[in-house]
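Trainee: Take a look at the following structure, please.
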Amino acid sequence: MTPRFVRLDDGVLGRLREELGEGGLITAGDPLDRYSRDETEGLSFPPAAVALPSTAEQVARVLRLTHEAGVPVTPRGGGTGLSGGALAVHGGLVLSLERLDRIRAIDSHDMVVEAEAGVATGELHEAVEAQGLFYPPDPSSLASCHLGGNLAEDAAGPRSLRYGTTRQWVLGLEAVLPDGRPLRTGGRNRKDAAGYNLTQLLVGSEGTLAVITAAVLRLLPLPGATMSLLMPFGELESAAGAVEELCRTGDSLAACELVERRGIHAVAGIAPVPSALLEQEAVLFLELHGSHDEELLEAAARLAEVAERWGGAEVQAAQDAAEQRRLWAIRRQVGEALMAGSAYREADAVVPRSQLANLVRAARRVAAAHGLEVVCFGHAGDGNLHIDLLQGALPEERWRVAREAAQEELLDEVLSLGGSITGEHGVGWTLRGAFARTCPPEKLSLMRGVKELFDPRGLLNPGKIFTQEGA
Ligand SMILES: Cc1cc2nc3c(=O)[nH]c(=O)nc-3n(C[C@H](O)[C@H](O)[C@H](O)COP(=O)(O)OP(=O)(O)OC[C@H]3O[C@@H](n4cnc5c(N)ncnc54)[C@H](O)[C@@H]3O)c2cc1C
């Protein structure tokens, strides 16, 4: 694959402006700067321009134009990604889906919602919940990430423990191929065994195969009863060790999230946190779903017994819906609070759940060997921990060297525990080297073949997932 990238010249810009109108194309100044970054630490790649189409037809026409001209295009949702996926690393056009923000239909008979790619995940939750329905995927960034970004990254969240990741909820996609041809996959059917499952191929493809413009998503009835529990532990390893037994104690557990001391203290720097939480080495945040409160009370008692066996302190239950929301807001703010406190490098490690205690031990060992501070938090029930290596007071040069070496060692430890280098943030730009180093060659070559088939000119989101492309 030898992509040849062409600069966005005045001719192509003029045609894009004609297509999108003055307000639909950003070419200079502050707003363009916003599209140079996502939430990945320390990256900035200014695009030549940003296109803001409002319809799927406009997306198709923009792609036809850029394809004809040989200009690289980077799709973008809410810009909350943590692997640099939405950044125009080879310049060209950023294609923002933010104006495709309509929920087209909520169908309570078929129990599906059809929504455009630019709908914010939190807004989708509110809209379906107002009708007594439930869309489970709940990334912690749900206030600002978009469905298109969730689909492209196969986003997960605390509730993935019980309900799975975004891909489990997608029945159909409306997308546009890199050359501007529209593509529909799946639909409203719950089953479809006709041929390869292109819907699932596009989910998690990180915007490298096609631009998603809308999706049909499955819904459930809202759970009849929910309960939130806090399980404090005097040691991080005990909390991590307890997770596997908690997850096989009954079937009510919807979420099981771990945050260690430093993460809770970071949140306390930006929001109110109950003082009792600040005294703990680690806390598990649990959510239970079921039909009745009595059923959940029984489940909570069984879970508390497990916590006690693992040396946990007294389990606390949120008293009402408002307290549940406050507790989960603390959990959701951990990533953001850590980002605000120090430069960091985050590993998005996932291991089989039974290896969680070994994972936190490895994280501490590797960080100590390089003189770094570390904090572990995240979706423990899925075996997925975010391991943040922090710069703290380390001088810049030492930090730069230490973080690279520590990250590489950490990823090797993760693989030796049977894990994967990313659970949910994707390979994107930041992990392409680690992916090339660790992915078996036959698998890598099949993946490159898929990319070539969808995007023979390598113009859609170049530089992501694979190395040696277009550079
Ligand atoms: C504080 C914080 C908490 C987070 N918590 C979680 C979490 O709990 N779980 C989780 O999974 N992630 C989490 N993330 C990461 C991020 O929010 C997710 O990866 C999210 O799915 C990205 O969505 P987005 O709309 O912001 O996408 P963007 O960042 O804009 O893009 C991400 C990728 O998707 C591609 N893309 C975007 N839209 C489209 C489209 N319409 N068609 C094709 N490709 C597209 C882009 O090219 C890029 O490769 C968190 C991030 C932050 C900052």
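In the structure tokens, each chain is lettered A, B, ... as it comes, each chain's residues begin at 1, and ligands are numbered from 1 in order of appearance.
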What residues in region 65-287 of chain A get the DSSP label strand (DSSP E)? Please answer as a ChimeraX atom specification.
Mentor: /A:73-76,93-96,103-107,112-116,133-134,170-176,182-186,211-218,220-221,225-233,253-260,282-287
Trainee: Distance limit 6 Å, reference ligand 1, atoms considered: only C-alpha atoms and all ligand atoms. Which residues make the cut? Give them as a PyMOL selection string.
Mentor: chain A and resi 38-39+74-82+85-86+97+117+139-141+145-146+148-150+152-153+155-157+206-207+210-213+335-336+424-425
Trainee: What does the file look like for those residues with N, CA and C atoms, as an mmCIF file, in the first residue's frame?
Mentor:
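This is the output file selection12.cif:
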data_model
loop_
_atom_site.group_PDB
_atom_site.id
_atom_site.type_symbol
_atom_site.label_atom_id
_atom_site.label_comp_id
_atom_site.auth_asym_id
_atom_site.auth_seq_id
_atom_site.Cartn_x
_atom_site.Cartn_y
_atom_site.Cartn_z
ATOM 1 N N ASP A 38 -7.109 15.591 20.540
ATOM 2 C CA ASP A 38 -8.209 14.887 21.196
ATOM 3 C C ASP A 38 -7.817 14.817 22.670
ATOM 4 N N GLU A 39 -8.236 13.804 23.405
ATOM 5 C CA GLU A 39 -7.884 13.771 24.834
ATOM 6 C C GLU A 39 -6.601 12.981 25.098
ATOM 7 N N THR A 74 -9.701 12.380 7.947
ATOM 8 C CA THR A 74 -9.762 11.762 9.277
ATOM 9 C C THR A 74 -11.141 12.001 9.890
ATOM 10 N N PRO A 75 -11.929 10.922 10.094
ATOM 11 C CA PRO A 75 -13.247 11.116 10.708
ATOM 12 C C PRO A 75 -13.090 11.491 12.187
ATOM 13 N N ARG A 76 -14.047 12.280 12.672
ATOM 14 C CA ARG A 76 -13.987 12.715 14.071
ATOM 15 C C ARG A 76 -15.384 12.773 14.676
ATOM 16 N N GLY A 77 -15.468 12.316 15.948
ATOM 17 C CA GLY A 77 -16.722 12.422 16.691
ATOM 18 C C GLY A 77 -16.588 13.512 17.736
ATOM 19 N N GLY A 78 -16.649 13.114 19.022
ATOM 20 C CA GLY A 78 -16.566 14.090 20.106
ATOM 21 C C GLY A 78 -15.148 14.492 20.463
ATOM 22 N N GLY A 79 -14.157 13.830 19.873
ATOM 23 C CA GLY A 79 -12.757 14.176 20.153
ATOM 24 C C GLY A 79 -12.309 13.787 21.553
ATOM 25 N N THR A 80 -12.916 12.746 22.131
ATOM 26 C CA THR A 80 -12.521 12.315 23.480
ATOM 27 C C THR A 80 -11.583 11.109 23.452
ATOM 28 N N GLY A 81 -11.165 10.704 22.260
ATOM 29 C CA GLY A 81 -10.361 9.492 22.118
ATOM 30 C C GLY A 81 -9.039 9.578 22.871
ATOM 31 N N LEU A 82 -8.528 8.414 23.258
ATOM 32 C CA LEU A 82 -7.303 8.371 24.060
ATOM 33 C C LEU A 82 -6.179 7.620 23.347
ATOM 34 N N GLY A 85 -6.750 8.707 17.660
ATOM 35 C CA GLY A 85 -7.416 8.224 16.447
ATOM 36 C C GLY A 85 -8.028 9.303 15.586
ATOM 37 N N ALA A 86 -8.492 10.394 16.190
ATOM 38 C CA ALA A 86 -9.214 11.425 15.430
ATOM 39 C C ALA A 86 -8.277 12.541 14.965
ATOM 40 N N LEU A 97 -18.332 14.629 12.382
ATOM 41 C CA LEU A 97 -19.722 14.165 12.239
ATOM 42 C C LEU A 97 -20.645 14.865 13.234
ATOM 43 N N ALA A 117 -24.538 9.510 13.763
ATOM 44 C CA ALA A 117 -23.231 9.301 14.402
ATOM 45 C C ALA A 117 -22.857 10.392 15.396
ATOM 46 N N PRO A 139 -19.609 4.561 28.367
ATOM 47 C CA PRO A 139 -18.243 5.050 28.591
ATOM 48 C C PRO A 139 -18.249 6.235 29.550
ATOM 49 N N SER A 140 -17.186 6.345 30.343
ATOM 50 C CA SER A 140 -17.166 7.407 31.362
ATOM 51 C C SER A 140 -17.205 8.793 30.725
ATOM 52 N N SER A 141 -16.851 8.884 29.449
ATOM 53 C CA SER A 141 -16.876 10.156 28.721
ATOM 54 C C SER A 141 -18.241 10.439 28.099
ATOM 55 N N CYS A 145 -18.623 12.186 24.390
ATOM 56 C CA CYS A 145 -18.296 11.334 23.230
ATOM 57 C C CYS A 145 -19.564 11.080 22.411
ATOM 58 N N HIS A 146 -19.368 10.667 21.153
ATOM 59 C CA HIS A 146 -20.490 10.479 20.232
ATOM 60 C C HIS A 146 -20.653 9.003 19.873
ATOM 61 N N GLY A 148 -20.815 7.683 16.936
ATOM 62 C CA GLY A 148 -19.887 7.294 15.868
ATOM 63 C C GLY A 148 -18.530 6.912 16.433
ATOM 64 N N GLY A 149 -18.044 7.707 17.391
ATOM 65 C CA GLY A 149 -16.766 7.406 18.035
ATOM 66 C C GLY A 149 -16.852 6.120 18.850
ATOM 67 N N ASN A 150 -17.988 5.919 19.514
ATOM 68 C CA ASN A 150 -18.179 4.688 20.296
ATOM 69 C C ASN A 150 -18.162 3.457 19.397
ATOM 70 N N ALA A 152 -16.776 3.293 16.357
ATOM 71 C CA ALA A 152 -15.455 3.141 15.739
ATOM 72 C C ALA A 152 -14.450 2.542 16.712
ATOM 73 N N GLU A 153 -14.642 2.795 18.028
ATOM 74 C CA GLU A 153 -13.701 2.278 19.027
ATOM 75 C C GLU A 153 -14.237 1.044 19.760
ATOM 76 N N ALA A 155 -16.513 1.165 22.056
ATOM 77 C CA ALA A 155 -16.375 1.683 23.419
ATOM 78 C C ALA A 155 -17.071 0.776 24.432
ATOM 79 N N ALA A 156 -16.494 0.770 25.620
ATOM 80 C CA ALA A 156 -17.060 -0.002 26.721
ATOM 81 C C ALA A 156 -17.334 0.957 27.877
ATOM 82 N N GLY A 157 -17.691 0.408 29.017
ATOM 83 C CA GLY A 157 -17.949 1.250 30.179
ATOM 84 C C GLY A 157 -18.199 0.335 31.360
ATOM 85 N N GLU A 206 -11.919 1.808 13.982
ATOM 86 C CA GLU A 206 -11.212 3.057 14.302
ATOM 87 C C GLU A 206 -11.213 4.068 13.149
ATOM 88 N N GLY A 207 -12.295 4.091 12.404
ATOM 89 C CA GLY A 207 -12.418 5.082 11.335
ATOM 90 C C GLY A 207 -11.437 4.860 10.205
ATOM 91 N N ALA A 210 -14.405 2.922 6.896
ATOM 92 C CA ALA A 210 -15.561 3.663 6.368
ATOM 93 C C ALA A 210 -15.966 4.701 7.397
ATOM 94 N N VAL A 211 -16.734 5.681 6.935
ATOM 95 C CA VAL A 211 -17.258 6.700 7.862
ATOM 96 C C VAL A 211 -18.686 6.308 8.217
ATOM 97 N N ILE A 212 -18.938 6.119 9.486
ATOM 98 C CA ILE A 212 -20.273 5.725 9.947
ATOM 99 C C ILE A 212 -21.135 6.988 10.066
ATOM 100 N N THR A 213 -22.318 6.944 9.452
ATOM 101 C CA THR A 213 -23.181 8.130 9.549
ATOM 102 C C THR A 213 -24.392 7.884 10.465
ATOM 103 N N GLY A 335 -10.384 9.625 35.571
ATOM 104 C CA GLY A 335 -9.460 9.838 34.453
ATOM 105 C C GLY A 335 -9.159 11.320 34.264
ATOM 106 N N GLU A 336 -10.244 12.086 34.223
ATOM 107 C CA GLU A 336 -10.140 13.533 34.015
ATOM 108 C C GLU A 336 -9.324 14.192 35.139
ATOM 109 N N GLU A 424 -10.062 -0.980 25.266
ATOM 110 C CA GLU A 424 -11.166 -0.184 24.725
ATOM 111 C C GLU A 424 -10.726 1.102 24.029
ATOM 112 N N HIS A 425 -9.528 1.578 24.243
ATOM 113 C CA HIS A 425 -9.137 2.869 23.642
ATOM 114 C C HIS A 425 -8.632 2.731 22.219
#
Trainee: Taking only C-alpha atoms into account, name the residue in A:Arg190, A:Arg7, A:Arg167, A:His125 that is nearest to Gly204 (chain A).
Mentor: A:Arg167
Trainee: Calculated over only C-alpha atoms, which of the candidates A:Glu237, A:Val334, A:Ala363, A:Ser228 has the smallest distance to Ala300 (chain A)?
Mentor: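 Going through A:Glu237, A:Val334, A:Ala363, A:Ser228 one by one, the smallest distance to Ala300 (chain A) is for A:Ser228.
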Trainee: Name all residues at most 12 Å from Leu394 (chain A) (count only C-alpha atoms; drop same-chain ones fewer than 4 positions away) and give them as a list in words.
Mentor: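 Neighbouring residues, sequence-local ones excluded: Ser342, Ala343, Tyr344, His370, Gly371, Leu372, Glu373, Leu389, Leu390, Arg398, Trp399, Arg400, Val401, Ala402 and Arg403 of chain A.
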Trainee: Taking only C-alpha atoms into account, which of A:Arg34, A:His379, A:Arg302, A:Arg4 comes nearest Thr249 (chain A)?
Mentor: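 Result for the nearest residue to Thr249 (chain A): A:Arg302.
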Trainee: Excluding same-chain residues fewer than 4 positions from region 250-266 of chain A, what lies within 8 Å of it counting only C-alpha atoms, as a VMD selection string?
Mentor: chain A and resid 158 to 163 236 239 to 240 243 270 273 277 to 290 296 299 330 to 331 334 to 335 337 to 338 341 375 to 381
Trainee: Pick out the closest residue to His67 (chain A) from this set: A:Arg432, A:Arg181, A:Lys443, A:Arg364. Count only C-alpha atoms.
Mentor: A:Arg181
Trainee: With distances taken over only C-alpha atoms, which of A:Leu222, A:Ala318, A:Ala329, A:Val50 is nearest to Ser291 (chain A)?
Mentor: A:Leu222
Trainee: Going by DSSP on the backbone, which bits of region 321-371 of chain A are alpha helix (DSSP H)? Write them as JSON, numbers by chain, please.
Mentor: {"A": [321, 322, 323, 324, 325, 326, 327, 328, 329, 330, 331, 332, 334, 335, 336, 337, 338, 339, 340, 341, 356, 357, 358, 359, 360, 361, 362, 363, 364, 365, 366, 367, 368, 369]}
Trainee: Just the residues within 8 Å of region 119-121 of chain A, please, counting only C-alpha atoms, with nothing from its chain fewer than 3 positions along; format it as a PyMOL selection string.
Mentor: chain A and resi 78+98+100-103+115-116+124-125+138+142-148
Trainee: Between CA of Gln58 (chain A) and CA of Glu19 (chain A), what distance in Å does the model show, to one decimal?
Mentor: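 That distance, rounded to one decimal, is 7.4 Å.
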Trainee: Residues at most 12 Å from Arg15 (chain A), counting only C-alpha atoms, excluding those fewer than 4 positions away in the same chain, as a list in words?
Mentor: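 Near neighbours after the sequence-gap exclusion: Leu8, Asp9, Asp10, Gly11, Glu19, Leu20, Gly21, Glu22, Gly24, Leu25, Ala51, Arg61, Val62, Leu63, Arg64, Leu65, Thr66, Glu68 and Ala69 of chain A.
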Trainee: Next, write the just-selected residues to a file, as a tab-separated table (two decimals), in the first residue's frame, keeping all heavy atoms as the atom set.
Mentor:
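Result went into part-v9.tsv, see below:
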chain	number	residue	atom	x	y	z
A	8	LEU	N	-4.45	19.84	0.48
A	8	LEU	CA	-5.76	20.45	0.19
A	8	LEU	C	-5.51	21.79	-0.45
A	8	LEU	O	-5.11	22.74	0.23
A	8	LEU	CB	-6.48	20.67	1.52
A	8	LEU	CG	-7.68	19.83	1.87
A	8	LEU	CD1	-8.25	20.26	3.19
A	8	LEU	CD2	-8.74	19.86	0.80
A	9	ASP	N	-5.69	21.89	-1.76
A	9	ASP	CA	-5.38	23.18	-2.39
A	9	ASP	C	-6.65	24.04	-2.49
A	9	ASP	O	-7.75	23.61	-2.14
A	9	ASP	CB	-4.73	22.97	-3.76
A	9	ASP	CG	-5.65	22.21	-4.70
A	9	ASP	OD1	-6.88	22.21	-4.47
A	9	ASP	OD2	-5.14	21.60	-5.66
A	10	ASP	N	-6.48	25.25	-2.99
A	10	ASP	CA	-7.61	26.18	-3.04
A	10	ASP	C	-8.75	25.65	-3.90
A	10	ASP	O	-9.92	25.89	-3.61
A	10	ASP	CB	-7.14	27.54	-3.59
A	10	ASP	CG	-6.32	28.27	-2.54
A	10	ASP	OD1	-6.34	27.83	-1.38
A	10	ASP	OD2	-5.64	29.25	-2.90
A	11	GLY	N	-8.38	24.88	-4.94
A	11	GLY	CA	-9.42	24.33	-5.81
A	11	GLY	C	-10.33	23.39	-5.03
A	11	GLY	O	-11.57	23.52	-5.09
A	19	GLU	N	-20.03	22.91	-1.51
A	19	GLU	CA	-20.85	21.80	-1.05
A	19	GLU	C	-21.42	22.04	0.35
A	19	GLU	O	-22.59	21.76	0.62
A	19	GLU	CB	-19.97	20.51	-1.04
A	19	GLU	CG	-20.66	19.27	-0.50
A	19	GLU	CD	-21.93	18.94	-1.27
A	19	GLU	OE1	-21.87	18.92	-2.50
A	19	GLU	OE2	-22.98	18.73	-0.61
A	20	LEU	N	-20.59	22.60	1.24
A	20	LEU	CA	-20.96	22.67	2.65
A	20	LEU	C	-21.45	24.05	3.09
A	20	LEU	O	-21.97	24.19	4.20
A	20	LEU	CB	-19.77	22.26	3.53
A	20	LEU	CG	-19.23	20.84	3.30
A	20	LEU	CD1	-17.88	20.67	3.97
A	20	LEU	CD2	-20.22	19.81	3.82
A	21	GLY	N	-21.25	25.05	2.26
A	21	GLY	CA	-21.59	26.42	2.66
A	21	GLY	C	-20.48	27.00	3.53
A	21	GLY	O	-19.64	26.26	4.05
A	22	GLU	N	-20.52	28.33	3.72
A	22	GLU	CA	-19.46	29.02	4.49
A	22	GLU	C	-19.29	28.43	5.88
A	22	GLU	O	-18.18	28.18	6.34
A	22	GLU	CB	-19.80	30.52	4.63
A	22	GLU	CG	-19.22	31.42	3.54
A	22	GLU	CD	-17.72	31.25	3.31
A	22	GLU	OE1	-16.99	31.08	4.30
A	22	GLU	OE2	-17.30	31.29	2.13
A	24	GLY	N	-19.87	25.55	6.94
A	24	GLY	CA	-19.62	24.11	6.98
A	24	GLY	C	-18.17	23.73	6.79
A	24	GLY	O	-17.82	22.54	6.69
A	25	LEU	N	-17.30	24.74	6.69
A	25	LEU	CA	-15.88	24.44	6.46
A	25	LEU	C	-15.04	25.40	7.29
A	25	LEU	O	-15.21	26.62	7.20
A	25	LEU	CB	-15.55	24.61	4.98
A	25	LEU	CG	-14.17	24.11	4.55
A	25	LEU	CD1	-14.12	22.59	4.56
A	25	LEU	CD2	-13.82	24.63	3.14
A	51	ALA	N	-14.23	19.76	7.80
A	51	ALA	CA	-15.55	19.76	7.15
A	51	ALA	C	-16.61	19.41	8.17
A	51	ALA	O	-16.42	18.50	8.98
A	51	ALA	CB	-15.56	18.74	6.01
A	61	ARG	N	-20.62	13.13	-0.52
A	61	ARG	CA	-20.09	14.03	-1.55
A	61	ARG	C	-18.70	14.56	-1.16
A	61	ARG	O	-17.81	14.67	-2.00
A	61	ARG	CB	-21.07	15.18	-1.82
A	61	ARG	CG	-22.32	14.68	-2.61
A	61	ARG	CD	-23.10	15.82	-3.21
A	61	ARG	NE	-23.80	16.60	-2.22
A	61	ARG	CZ	-25.04	16.35	-1.77
A	61	ARG	NH1	-25.71	15.32	-2.25
A	61	ARG	NH2	-25.60	17.13	-0.87
A	62	VAL	N	-18.50	14.82	0.14
A	62	VAL	CA	-17.17	15.28	0.60
A	62	VAL	C	-16.14	14.17	0.33
A	62	VAL	O	-15.05	14.43	-0.19
A	62	VAL	CB	-17.21	15.62	2.12
A	62	VAL	CG1	-15.80	15.75	2.68
A	62	VAL	CG2	-18.00	16.89	2.35
A	63	LEU	N	-16.50	12.93	0.63
A	63	LEU	CA	-15.54	11.84	0.44
A	63	LEU	C	-15.25	11.61	-1.05
A	63	LEU	O	-14.12	11.28	-1.43
A	63	LEU	CB	-16.04	10.56	1.12
A	63	LEU	CG	-15.89	10.58	2.65
A	63	LEU	CD1	-16.62	9.41	3.28
A	63	LEU	CD2	-14.42	10.53	3.06
A	64	ARG	N	-16.28	11.78	-1.88
A	64	ARG	CA	-16.06	11.62	-3.33
A	64	ARG	C	-15.02	12.65	-3.80
A	64	ARG	O	-14.08	12.33	-4.53
A	64	ARG	CB	-17.38	11.80	-4.07
A	64	ARG	CG	-17.57	10.77	-5.19
A	64	ARG	CD	-18.97	10.82	-5.74
A	64	ARG	NE	-19.95	10.31	-4.80
A	64	ARG	CZ	-21.17	10.81	-4.62
A	64	ARG	NH1	-21.58	11.88	-5.27
A	64	ARG	NH2	-22.01	10.26	-3.77
A	65	LEU	N	-15.21	13.87	-3.30
A	65	LEU	CA	-14.30	14.97	-3.68
A	65	LEU	C	-12.86	14.72	-3.22
A	65	LEU	O	-11.91	14.85	-3.99
A	65	LEU	CB	-14.78	16.25	-2.97
A	65	LEU	CG	-15.48	17.29	-3.80
A	65	LEU	CD1	-16.15	18.33	-2.91
A	65	LEU	CD2	-14.42	17.96	-4.65
A	66	THR	N	-12.71	14.37	-1.94
A	66	THR	CA	-11.35	14.19	-1.41
A	66	THR	C	-10.70	12.97	-2.05
A	66	THR	O	-9.49	12.95	-2.27
A	66	THR	CB	-11.37	14.02	0.13
A	66	THR	OG1	-12.34	13.03	0.48
A	66	THR	CG2	-11.67	15.33	0.83
A	68	GLU	N	-11.25	11.78	-5.13
A	68	GLU	CA	-10.80	12.19	-6.48
A	68	GLU	C	-9.49	12.98	-6.41
A	68	GLU	O	-8.58	12.81	-7.22
A	68	GLU	CB	-11.84	13.15	-7.08
A	68	GLU	CG	-12.87	12.49	-7.96
A	68	GLU	CD	-13.98	13.51	-8.27
A	68	GLU	OE1	-13.67	14.71	-8.51
A	68	GLU	OE2	-15.13	13.07	-8.22
A	69	ALA	N	-9.39	13.84	-5.39
A	69	ALA	CA	-8.23	14.73	-5.28
A	69	ALA	C	-7.03	14.06	-4.61
A	69	ALA	O	-5.92	14.60	-4.67
A	69	ALA	CB	-8.63	15.98	-4.49
Trainee: Find, counting only C-alpha atoms, the residue in A:Gln355, A:Gln333, A:Gln168, A:Thr27 that gets nearest to Leu385 (chain A).
Mentor: A:Gln355
Trainee: To one decimal in Å, tell me the separation between CA of Thr430 (chain A) and CA of Pro72 (chain A).
Mentor: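 It comes out at 18.8 Å.
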Trainee: What is the distance between CA of Asp33 (chain A) and CA of Gly118 (chain A), in Å to one decimal?
Mentor: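 These two atoms are separated by 19.9 Å.
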Trainee: Need the shell around Val89 (chain A): protein/DNA/RNA residues with any atom at most 9 Å away, counting only C-alpha atoms. Skip same-chain ones fewer than 5 positions apart. Format as a compact mmCIF listing (two decimals) with N, CA, C and O atoms, in the first residue's frame?
Mentor:
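Writing done, so here's selection-v5.txt:
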# COMPACT_ATOMS: atom_id res chain seq x y z
N SER A 44 -0.62 16.99 19.08
CA SER A 44 -1.31 18.05 18.34
C SER A 44 -0.93 17.94 16.86
O SER A 44 0.25 17.99 16.50
N PHE A 45 -1.94 17.75 16.02
CA PHE A 45 -1.73 17.65 14.57
C PHE A 45 -2.76 18.53 13.87
O PHE A 45 -3.91 18.10 13.68
N PRO A 46 -2.39 19.74 13.51
CA PRO A 46 -3.38 20.62 12.87
C PRO A 46 -3.75 20.12 11.47
O PRO A 46 -2.87 19.86 10.66
N PRO A 47 -5.06 19.99 11.19
CA PRO A 47 -5.47 19.63 9.83
C PRO A 47 -5.43 20.88 8.94
O PRO A 47 -5.35 21.99 9.46
N THR A 74 -9.70 12.38 7.95
CA THR A 74 -9.76 11.76 9.28
C THR A 74 -11.14 12.00 9.89
O THR A 74 -11.50 13.15 10.19
N GLY A 84 -5.30 8.94 20.01
CA GLY A 84 -4.97 9.85 18.89
C GLY A 84 -5.67 9.52 17.60
O GLY A 84 -5.29 10.00 16.53
N TRP A 429 -3.07 6.02 16.87
CA TRP A 429 -1.73 6.48 16.50
C TRP A 429 -0.71 6.04 17.54
O TRP A 429 0.40 5.64 17.23
N ASN A 461 -8.21 7.96 7.28
CA ASN A 461 -7.52 7.91 8.57
C ASN A 461 -6.14 7.25 8.49
O ASN A 461 -5.82 6.32 9.24
N PRO A 462 -5.29 7.76 7.59
CA PRO A 462 -3.97 7.15 7.44
C PRO A 462 -3.13 7.34 8.71
O PRO A 462 -3.32 8.31 9.44
N GLY A 463 -2.23 6.38 8.92
CA GLY A 463 -1.32 6.48 10.08
C GLY A 463 -1.88 5.80 11.32
O GLY A 463 -1.21 5.78 12.36
N LYS A 464 -3.10 5.26 11.24
CA LYS A 464 -3.71 4.65 12.41
C LYS A 464 -3.67 3.12 12.31
O LYS A 464 -3.76 2.57 11.22
